[in-house]
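Colleague: My questions will all concern the structure given below.
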Amino acid sequence: MAHKGLDFVSRSVRFTDKEALAFSGQTLVPVLRDGETTLHDSLAIFRYLDERYPQPALLGGALGESRLRLIDLLIGQDLRPALVRLLLPRVLASIDPSDRDYFRQSREKSLGMSLEAFADRDAGQTQLARALQPLDAMLKGQPWLDGAEPAGADYLIGGFFFWAWTLGEQPWAGDSPSGDWFRRLLAFCEARQGAVRRATND
């Protein structure tokens with residue numbers, strides 16, 4: 001939303017607060033409500049925002065969306081599982097106490113093992129290093145995953161980096177291309193959000 005220069009209100013939702021999402025017809029985040037339009041799923045939201053508010057673009061047309069679908073699959077294969085292994089103990093400790101039983105039961109059912117058995121820093125760090133190799137290779141030759149300026153790929157992958165960062169973890173090398181990119185992304189997002197707030201207050 002800040003990328004588009006749009007004013008917005010963000011609302012956090014607890015894991016067990018399914019009623020707060022009932023208007024969307026499903027139970028997962030992210031959810032976007034814009035007037036009478038309600039969407040969920042990051043790529044669907046990107047597509048809608050590009051159609052409704054074309055500039056600056058997030059996807060860059062059909063080819064951009066196809067690229068992001070591939071990136072989303074790769075995230076699911078390596079980046080997300082690696083960070084889950086690394087961050088599970090912090091997530092469990094930081095969420096609302098009323099959510100902890102639900103979080104444990106739902107995740108252990110999905111994983112087929114206890115959270116303690118799945119959480120493995122060494123394995124997670126090894127898997128994360130593997131997941132970051134193509135990012136580092138790309139970011140050696142360009143400042144953003146989407147080229148000269150940040151766009152959908154940067155935000156889609158950046159969301160996982162922000163997740164770790166807000167939990168007090170930065171399990172990537174600070175002097176790596178990925179580490180440099182995340183610092184740029186953090187500064188860019190802070191500047192964009194500040195610009196939106198100033199424009200709203202003027």
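Numbering starts fresh at 1 for the residues of each chain in the structure tokens, the chains themselves are lettered A, B, ... in the order given, and ligands are numbered from 1 as they appear.
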Write out as a PyMOL selection string which residues come within 12 Å of region 137-144 of chain A when counting only C-alpha atoms, dropping same-chain ones fewer than 4 positions away.
Modeller: chain A and resi 130-133+148-155+157-158+175-185+188
Colleague: Please return, as JSON, numbers by chain, all residues of region 42-96 of chain A that DSSP assigns to alpha helix (DSSP H) on the basis of the backbone.
Modeller: {"A": [42, 43, 44, 45, 46, 47, 48, 49, 50, 51, 52, 62, 63, 64, 65, 66, 67, 68, 69, 70, 71, 72, 73, 74, 80, 81, 82, 83, 84, 85, 86, 87, 88, 89, 90, 91, 92, 93, 94]}
Colleague: Take the residues just selected and output them with C-alpha atoms as a short mmCIF file (atom, residue, chain, number, x, y, z; two decimals), in the first residue's frame.
Modeller:
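The resulting result.cif:
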```
data_model
loop_
_atom_site.label_atom_id
_atom_site.label_comp_id
_atom_site.auth_asym_id
_atom_site.auth_seq_id
_atom_site.Cartn_x
_atom_site.Cartn_y
_atom_site.Cartn_z
CA SER A 42 -0.80 -11.75 -1.63
CA LEU A 43 -0.71 -12.24 -5.41
CA ALA A 44 -4.43 -11.58 -5.78
CA ILE A 45 -3.99 -8.39 -3.77
CA PHE A 46 -1.02 -7.32 -5.91
CA ARG A 47 -3.05 -7.94 -9.06
CA TYR A 48 -6.02 -5.94 -7.79
CA LEU A 49 -3.87 -3.02 -6.69
CA ASP A 50 -2.19 -2.86 -10.10
CA GLU A 51 -5.58 -2.88 -11.83
CA ARG A 52 -7.17 -0.33 -9.50
CA ALA A 62 1.19 -11.14 -16.86
CA LEU A 63 4.89 -12.00 -17.06
CA GLY A 64 5.49 -10.34 -13.71
CA GLU A 65 2.68 -12.30 -12.11
CA SER A 66 4.02 -15.58 -13.54
CA ARG A 67 7.45 -14.75 -12.13
CA LEU A 68 5.97 -14.09 -8.70
CA ARG A 69 4.05 -17.38 -8.77
CA LEU A 70 7.34 -19.18 -9.35
CA ILE A 71 8.97 -17.19 -6.54
CA ASP A 72 6.06 -18.07 -4.26
CA LEU A 73 6.59 -21.77 -4.95
CA LEU A 74 10.32 -21.47 -4.23
CA ARG A 80 9.52 -20.43 4.62
CA PRO A 81 10.37 -23.88 6.11
CA ALA A 82 13.89 -22.69 6.99
CA LEU A 83 12.62 -19.65 8.84
CA VAL A 84 9.90 -21.67 10.59
CA ARG A 85 12.55 -24.03 11.96
CA LEU A 86 14.54 -21.04 13.19
CA LEU A 87 11.71 -18.89 14.51
CA LEU A 88 9.19 -21.32 16.05
CA PRO A 89 10.37 -20.87 19.65
CA ARG A 90 10.25 -17.07 19.32
CA VAL A 91 6.82 -17.15 17.70
CA LEU A 92 5.41 -19.34 20.45
CA ALA A 93 6.90 -17.10 23.15
CA SER A 94 5.72 -13.84 21.58
#
```
Colleague: Show which residues sit within 8 Å of region 98-113 of chain A, as a list in words. Count only C-alpha atoms, and ignore same-chain residues fewer than 4 positions away.
Modeller: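 Skipping anything fewer than 4 positions along the chain leaves Arg14, Phe15, Thr16, Leu92, Ala117 and Phe118 of chain A.
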Colleague: Would you work out the distance separating CA of Thr126 (chain A) from CA of Phe160 (chain A), expressed in Å to one decimal?
Modeller: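 CA of Phe160 (chain A) lies at a distance of 16.7 Å from CA of Thr126 (chain A).
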Colleague: What separation in Å, quoted to one decimal, exists between CA of Asp78 (chain A) and CA of Gln127 (chain A)?
Modeller: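 Calculated distance between CA of Asp78 (chain A) and CA of Gln127 (chain A) is 6.5 Å.
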Colleague: Give me, as a list of chain:residue names, all polymer residues having an atom no more than 7 Å from Pro56 (chain A), counting only C-alpha atoms and skipping those fewer than 2 positions away in the same chain.
Modeller: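 In the requested format, the answer is A:Lys4, A:Pro54, A:Leu58.
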Colleague: Mind dumping the selected residues with N, CA and C atoms as a PDB file, in the first residue's frame?
Modeller:
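Writing done, so here's selection-v1.pdb:
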```pdb
ATOM      1  N   LYS A   4       2.267   2.099  -3.356  1.00  0.00           N
ATOM      2  CA  LYS A   4       1.334   2.807  -4.228  1.00  0.00           C
ATOM      3  C   LYS A   4       1.053   4.235  -3.745  1.00  0.00           C
ATOM      4  N   PRO A  54      -2.786   1.774 -10.944  1.00  0.00           N
ATOM      5  CA  PRO A  54      -1.742   1.202 -11.806  1.00  0.00           C
ATOM      6  C   PRO A  54      -0.295   1.582 -11.474  1.00  0.00           C
ATOM      7  N   LEU A  58       3.284  -3.140  -9.232  1.00  0.00           N
ATOM      8  CA  LEU A  58       3.823  -4.203  -8.390  1.00  0.00           C
ATOM      9  C   LEU A  58       4.230  -5.420  -9.202  1.00  0.00           C
TER      10      LEU A  58
END
```
Colleague: List as a PyMOL selection string the protein and nucleic acid residues near Glu36 (chain A), meaning an atom at most 12 Å away when only C-alpha atoms are counted, but skip any in the same chain fewer than 3 places from it.
Modeller: chain A and resi 23-24+32-33+39
Colleague: With N, CA and C atoms kept, could you save the residues just selected as an mmCIF file, in the first residue's frame?
Modeller:
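Result file is again_39.cif:
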```cif
data_model
loop_
_atom_site.group_PDB
_atom_site.id
_atom_site.type_symbol
_atom_site.label_atom_id
_atom_site.label_comp_id
_atom_site.auth_asym_id
_atom_site.auth_seq_id
_atom_site.Cartn_x
_atom_site.Cartn_y
_atom_site.Cartn_z
ATOM 1 N N PHE A 23 -15.698 -11.714 7.293
ATOM 2 C CA PHE A 23 -16.195 -10.946 6.153
ATOM 3 C C PHE A 23 -15.513 -11.336 4.850
ATOM 4 N N SER A 24 -14.305 -11.949 4.940
ATOM 5 C CA SER A 24 -13.557 -12.319 3.730
ATOM 6 C C SER A 24 -13.936 -13.701 3.212
ATOM 7 N N LEU A 32 -7.358 -7.818 2.174
ATOM 8 C CA LEU A 32 -7.493 -6.413 1.808
ATOM 9 C C LEU A 32 -8.960 -6.101 1.588
ATOM 10 N N ARG A 33 -9.437 -5.013 2.213
ATOM 11 C CA ARG A 33 -10.787 -4.520 1.941
ATOM 12 C C ARG A 33 -10.654 -3.092 1.407
ATOM 13 N N LEU A 39 -10.383 -9.022 -0.799
ATOM 14 C CA LEU A 39 -9.519 -10.044 -1.391
ATOM 15 C C LEU A 39 -8.608 -10.624 -0.324
#
```
Colleague: Determine the nearest neighbour of Asp136 (chain A) from the options A:Asp120, A:Trp172, A:Asp7, A:Trp165, counting only C-alpha atoms.
Modeller: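 The answer is A:Trp172, which sits nearest to Asp136 (chain A).
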Colleague: Between A:Gly174, A:Leu79, A:Gln26, A:Cys189, which one has atoms that come closest to Leu135 (chain A), using only C-alpha atoms?
Modeller: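 Of A:Gly174, A:Leu79, A:Gln26, A:Cys189, the one nearest Leu135 (chain A) is A:Leu79, counting only C-alpha atoms.
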Colleague: Find the residues around Ala2 (chain A) up to 10 Å (only C-alpha atoms counted), leave out those fewer than 2 positions away in its own chain, and share them as number ranges by chain.
Modeller: A: 4-8, 188-197
Colleague: Please measure the separation of CA of Gln170 (chain A) and CA of Leu128 (chain A), giving the value in Å to one decimal.
Modeller: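 Computing the Euclidean distance for CA of Gln170 (chain A) and CA of Leu128 (chain A) yields 11.3 Å.
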